[in-house]
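Encoded as C-alpha cells, the structure appears first; notes follow it.
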Amino acid sequence: MLQPALVVDGVTAGYGSRPVLDGISLRVDKGEFVVLIGPNGCGKSTLLKTVAALLKPQSGRIELFGHDVTKLRPSSRAALLGVVPQKVESPMAYTVAQIVMNGRSGSSAPWKVLGEADYEIIERSMIYTDVLQLRDRYFMELSGGEQQRVILAMVLAQEPGMIMLDESISHLDINHRYEVLRILRRLNREHGMTVVLVSHDLSLSSEIADRLILMNSGSVVAAGSPADVLQVPVLSRVYDCDLQVQQDPVTGFVNVTGVLEGANATGNPATTLHVIAGGGTGIELFRRLGLHGYRVTTGVLNRMDSDAEAAKALGVEAVFEHPFAAVSDDAAKKARLLALGADGVVVSDVPFGPGNLVNLSIAEAALDAGRPVWIAEGVGGRDYTGGREATALAERLFSRGARRWESVQELMTDIKHTIHDRV
Amino acid sequence: MKKTRTADTTIKPTALLGIRAVSAGRLVLFLVAVPLLLVLSLLLGSSGAGLPDMQSPVGKAVLNLRLNRLVMGVMVGGALSVSGVVFQAILRNPLAEPYVLGVSGGAGLGAALAILFGAVAFVPLSLPVSAFVSAVLTLFLVYGIASRGSGGAPSVYSLILSGVIVSAICSSLIMFLVSTASVEGLHNVIWWMLGNLQPVPLEQRTVSGMLISAGFLMSWMLSSRFNALTLGRDMAHYQGMNADLVILGGLLSATLMAATAVSIGGMIGFVGLIVPHVTRAIFGPDHRWLIPLSAAAGGTFLVLCDALARTMLAPIEMPVGVITALAGGPFFLLILQRRMKSAWIA
C-alpha cells in the first residue's frame, strides 16, 4: 500500500455561504504525478486553496502526508506542500536571487538569519530550474516562462514533499510550457516529488500525467489513466459540448479536440455547395466551407484519394469511384444529382485528365440549371486530356458566366456575396 | 567580474547570493556620511555656526539643546521612515505613507481636541497622549471597517480606501474645530500640525524612544516576511507564514512608530513618503537592509532639515515640516528620476 501524500475526505468549502466544493473526496499517492482537470469554475482552484489551508473547509478533512492541514503550523505546512500560483507579481524591483530567497526565509523563525546551508539549497533550486544565470536580473523584467521557473525555484527552496501548480503553465507558449513540464517530470522521477498540476490542456495532461482527476461542480467525476478518464461521453457531459477524442495508436497519448459549430455539417445549414476536386486539392475547400457553416457535398472522387479520405473524416457527403478508375456513368449521374441539389458548385485546381473530365461537365450541368459555378484559375496549366478538351470546356463555362477564383479567401467572399444576393 | 558558472565550481553560494543584496560601495559611503552629517548638524544653530564655547554654561546649554534636538530628529525621522517602508510593503503601494491609514487624521484630531479644550494647560503630557491614543484608535477603526467590508482579513484595497475616508472625516472635524477656535488655540493647533522638533520632557522622550525602538525591532524582525508579502498575501501564505498575522503586526508596529513620532514632533510630512523611496532606489527593496538603512537615512535627513530650519532665518525658527519638502523635494526628485527603476517596477 502506497503512503498517501494527500487525502481529501468529504470536503465542503467555498466562499461565503455558497460552497464551491461539494463533499469532494480524492487521494494522491506519494510520488504520483497527477493532473487535475475540469471546466472553468468546477472548483479546481478552490480545492487547491483549501488543501493549502488558505480556505478553511466547512466540513470534511484534509491530510497532507498524514497530518491534518488545519492543525499544521504554517512553517510545517510549507515543508510538506509548495504551491505555484497562476501568476506571481511583485511591485518592487527584486532580483531573481532575492525572490528565490523567500523560499528559505519565509518559513524560518523571524529572528533567524539565513545560513550556509540555506544558500546552498537556494543555489541548488536555481540550478535545477535553470535560472542561476538570471540571478541578478530583475524578476519582473523576465519573460513569463523565466518568471515561472524562478517561482518554481522559490517553491523548491522550501523543500516541500509535494507541489501543486495552479494553471501556472497555461499562459506560457509551447516551448516554455514543455520546459517547465520537463523540470516537473524530472523532479517527480528523480526526487520522488509528488506533483499535482491543475491544467486546462486535456491533451497535454494525458501526455504527462500518471493519473488524471476530472472534476465538475465541486466533486470528482472520474479518476484514472488518461485513456480511462478522457472518454467522449464523460467529457462531453462535463464540458457541455461536442468533443472528439483520438488515441494515438503509436504513443498511446490521447488527443482531445473540440468541434467547431458547423464544421461537421450536421443540423440544417442554409446553403449547400458542391465541390469538384481530387488529389488533395479539395481538403482546404472542405475545411473552409465547413467553417463558414456551409453544407458541403463532393464527387466524383476516387477512393483512397486524399480528398476522399478528407471527405470521409469531415463527414462530407460524397460520390466515390474505385481507386484509380475512370469515372463511371453511374457515379457521374449520382454526382450530377448532388451538384444540382446544391446552391452552387466550386471546382478546385484539380488537374483534369480523360478519367475525370466528366466532373467538369457536372459543373456545366449545374451552370445550365442556373447555379453559380466557381472554377479555379489556370485550367490550361493542368489539362492532361491530350487535346485541349478541359481548357476548351472551362473557357466555354467562363463565357457563360462561370466565375474565376484564385485564393480561397477571395473565393469565400465571392461565394458569400453571390449566394447572399440571390437570397 | 561577471562570468558564467556551473554547478560544480567551488565558489561559496553565500558570496554568490550575498553580493547583490546591497551594493557594498554605496553602503560604505552611506555609513561614513551619516555620522559626519549628524556632527555637522550639531555645529549649526540659531546662535551661530560652529561649536559653542564649551567652557561657558551658556555654551554647554546650547550644545545640550542641539543634542536634544538631534535625538528628537533621529527618533522622529527614523520612525516616520521605517513606518513608511512598512506601509509601502504591506499595502504593496508606492503611495502608502505613515499617515495613509488615518494616523495623521486621528492624531491631529486628538491633538486639536486636547489643545482647544485646554487640557494641555492642566494635564501634563495630555497633548502627546491624546494624539497617540486617537491615532491608534483610528487605525483600529479603519482596520475594523475594512475587515467588515471584505468578510475576514481586510484586503489591501479596502484598507487604503477606508483609511482615506476616515482621514478625510478627521480632517473635516479638525477644520470644524479650528474654524470655531480662539486665536490663541488656533495658533497652537497650526503650529503643532506643521511639525517641529522642540525637545519634549525627558520622561516623554524616554517612553517615546522605547515605543519607537519596539516598533523598529518588530518591523526589522518581520523584514524577511515583508519581502515575501510583496509577492501577495496568498503567496506569502504558501511560503509558510501566517500572512494575516504579519500584516497585522506590521500595521501595528508602523502605526506605533508613526503615532509616537506625531505625538512628540507633530505632523511632519514628506519624510515618511520619500525617504523609503530614495533608500529603496539606492539600496534595493530587500527589507532586511531597507528597514535599518531607511531608519538611519530618515533620522539624518530630519536632523539636517532641523538644522536648516534653525539657521536659515535665524534667530527666527521655522517649523521643520516646512523645510522637509522644500529642501528635500528637489534633491530627492533628482535621485528618484535616475534610480526609480531599481526600486519599483511600473
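Chain labels run A, B, ... following the order of the C-alpha cells; each chain numbers its residues from 1, and ligands are numbered from 1 in the order shown.
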Please return, as an mmCIF file with N, CA, C and O atoms, in the first residue's frame, all residues of chain A lying within 6 Å of chain B when only C-alpha atoms are considered.
data_model
loop_
_atom_site.group_PDB
_atom_site.id
_atom_site.type_symbol
_atom_site.label_atom_id
_atom_site.label_comp_id
_atom_site.auth_asym_id
_atom_site.auth_seq_id
_atom_site.Cartn_x
_atom_site.Cartn_y
_atom_site.Cartn_z
ATOM 1 N N PRO A 74 2.029 26.892 10.069
ATOM 2 C CA PRO A 74 2.315 27.343 8.702
ATOM 3 C C PRO A 74 3.682 26.880 8.195
ATOM 4 O O PRO A 74 3.806 26.456 7.047
ATOM 5 N N SER A 75 4.691 26.935 9.052
ATOM 6 C CA SER A 75 6.025 26.567 8.584
ATOM 7 C C SER A 75 6.103 25.063 8.292
ATOM 8 O O SER A 75 6.745 24.644 7.333
ATOM 9 N N ALA A 78 4.448 24.426 4.986
ATOM 10 C CA ALA A 78 5.264 24.813 3.842
ATOM 11 C C ALA A 78 6.340 23.776 3.542
ATOM 12 O O ALA A 78 6.815 23.669 2.418
ATOM 13 N N GLU A 89 3.371 38.361 -8.872
ATOM 14 C CA GLU A 89 3.910 39.666 -9.245
ATOM 15 C C GLU A 89 4.411 40.374 -8.009
ATOM 16 O O GLU A 89 3.844 40.245 -6.938
ATOM 17 N N SER A 90 5.490 41.120 -8.172
ATOM 18 C CA SER A 90 5.943 41.974 -7.089
ATOM 19 C C SER A 90 6.070 43.383 -7.635
ATOM 20 O O SER A 90 6.640 43.585 -8.697
ATOM 21 N N PRO A 91 5.515 44.364 -6.921
ATOM 22 C CA PRO A 91 5.617 45.728 -7.438
ATOM 23 C C PRO A 91 7.027 46.278 -7.287
ATOM 24 O O PRO A 91 7.363 47.293 -7.887
ATOM 25 N N MET A 92 7.844 45.626 -6.467
ATOM 26 C CA MET A 92 9.176 46.173 -6.210
ATOM 27 C C MET A 92 10.231 45.441 -7.018
ATOM 28 O O MET A 92 10.050 44.312 -7.430
ATOM 29 N N ALA A 93 11.343 46.110 -7.217
ATOM 30 C CA ALA A 93 12.365 45.618 -8.127
ATOM 31 C C ALA A 93 13.285 44.611 -7.437
ATOM 32 O O ALA A 93 14.428 44.910 -7.127
ATOM 33 N N ASN A 102 13.156 34.025 -0.705
ATOM 34 C CA ASN A 102 11.909 33.966 0.070
ATOM 35 C C ASN A 102 11.518 32.534 0.414
ATOM 36 O O ASN A 102 10.906 32.285 1.444
ATOM 37 N N GLY A 106 10.930 32.475 4.305
ATOM 38 C CA GLY A 106 9.519 32.602 4.633
ATOM 39 C C GLY A 106 9.080 31.758 5.802
ATOM 40 O O GLY A 106 8.280 32.184 6.630
ATOM 41 N N SER A 107 9.611 30.529 5.884
ATOM 42 C CA SER A 107 9.104 29.630 6.905
ATOM 43 C C SER A 107 10.050 29.501 8.101
ATOM 44 O O SER A 107 9.729 28.832 9.065
ATOM 45 N N PRO A 110 11.481 34.284 12.557
ATOM 46 C CA PRO A 110 11.744 35.667 12.141
ATOM 47 C C PRO A 110 13.146 36.156 12.499
ATOM 48 O O PRO A 110 13.723 36.965 11.776
ATOM 49 N N TRP A 111 13.689 35.678 13.611
ATOM 50 C CA TRP A 111 14.977 36.204 14.047
ATOM 51 C C TRP A 111 16.136 35.421 13.435
ATOM 52 O O TRP A 111 17.283 35.762 13.604
ATOM 53 N N TYR A 119 21.676 28.888 1.794
ATOM 54 C CA TYR A 119 22.128 29.404 0.495
ATOM 55 C C TYR A 119 22.445 28.276 -0.472
ATOM 56 O O TYR A 119 22.269 28.411 -1.677
ATOM 57 N N GLU A 120 22.927 27.140 0.100
ATOM 58 C CA GLU A 120 23.192 26.006 -0.776
ATOM 59 C C GLU A 120 21.894 25.476 -1.390
ATOM 60 O O GLU A 120 21.844 25.156 -2.576
#
Return as a list in words the full set of residues in range 262-292 of chain B whose backbone-based DSSP assignment is alpha helix (DSSP H).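 Matching residues for alpha helix (DSSP H) in range 262-292 of chain B are Val262, Ser263, Ile264, Gly265, Val271, Gly272, Leu273, Ile274, Val275, Pro276, His277, Val278, Thr279, Arg280, Ala281, Ile282, Phe283, His287, Arg288, Trp289, Leu290, Ile291 and Pro292 of chain B.
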Show which residues sit within 8 Å of Val320 in chain B, as number ranges by chain. Count only C-alpha atoms, and ignore same-chain residues fewer than 3 positions away. B: 194-197, 268, 302, 305-306, 309, 323-324
Residues of the last selection are to be written out with N, CA and C atoms, as a tab-separated table (two decimals), in the first residue's frame.
chain	number	residue	atom	x	y	z
B	194	LEU	N	2.08	71.77	11.86
B	194	LEU	CA	3.19	71.97	10.93
B	194	LEU	C	4.38	71.09	11.29
B	195	GLY	N	4.48	70.73	12.55
B	195	GLY	CA	5.56	69.85	12.98
B	195	GLY	C	6.81	70.60	13.36
B	196	ASN	N	7.36	70.25	14.51
B	196	ASN	CA	8.62	70.85	14.94
B	196	ASN	C	9.30	69.91	15.92
B	197	LEU	N	10.58	70.15	16.13
B	197	LEU	CA	11.35	69.22	16.95
B	197	LEU	C	11.78	69.83	18.28
B	268	ILE	N	4.88	65.96	10.75
B	268	ILE	CA	5.93	66.32	9.82
B	268	ILE	C	5.73	65.50	8.56
B	302	LEU	N	16.06	64.27	8.74
B	302	LEU	CA	15.25	65.19	9.54
B	302	LEU	C	16.13	66.09	10.41
B	305	CYS	N	17.43	68.76	8.20
B	305	CYS	CA	16.36	69.72	7.91
B	305	CYS	C	16.14	70.64	9.10
B	306	ASP	N	16.22	70.04	10.31
B	306	ASP	CA	16.01	70.84	11.51
B	306	ASP	C	17.13	71.87	11.66
B	309	ALA	N	16.29	74.58	9.43
B	309	ALA	CA	15.15	75.34	9.93
B	309	ALA	C	15.60	76.32	11.02
B	323	ILE	N	10.53	72.81	6.00
B	323	ILE	CA	11.81	72.58	5.32
B	323	ILE	C	11.85	71.24	4.60
B	324	THR	N	11.25	70.21	5.22
B	324	THR	CA	11.45	68.85	4.67
B	324	THR	C	11.12	68.79	3.19
Exercise: Asp383 in chain A partners within 9 Å, only C-alpha atoms, chain neighbours under 6 positions left out, as a PyMOL selection string: chain A and resi 351-353+389-391
CA of Leu313 in chain B sits from CA of Gln198 in chain B at a separation of 16.5 Å
Residue set, range 77-191 of chain A restricted to strand (DSSP E), as a PyMOL selection string: chain A and resi 81-84+162-166
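The spacing separating CA of Val71 in chain B from CA of Gly328 in chain B amounts to 20.0 Å.
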Interatomic distance (Å, one decimal) between CA of Gln86 in chain A and CA of Ser170 in chain A: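 Separating CA of Gln86 in chain A from CA of Ser170 in chain A is a distance of 8.4 Å.
The closest residue to Leu289 in chain A, picked from A:Leu314, A:Arg124, A:Arg211, A:Asp118 and counting only C-alpha atoms, is A:Leu314.
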Pick out the residues sitting within 10 Å of Thr279 in chain B, and hand them over as a PyMOL selection string; count only C-alpha atoms, and ignore anything fewer than 2 positions along from it in its own chain. chain B and resi 81+85+274-277+281-285+289-291+293-298+335-336+343
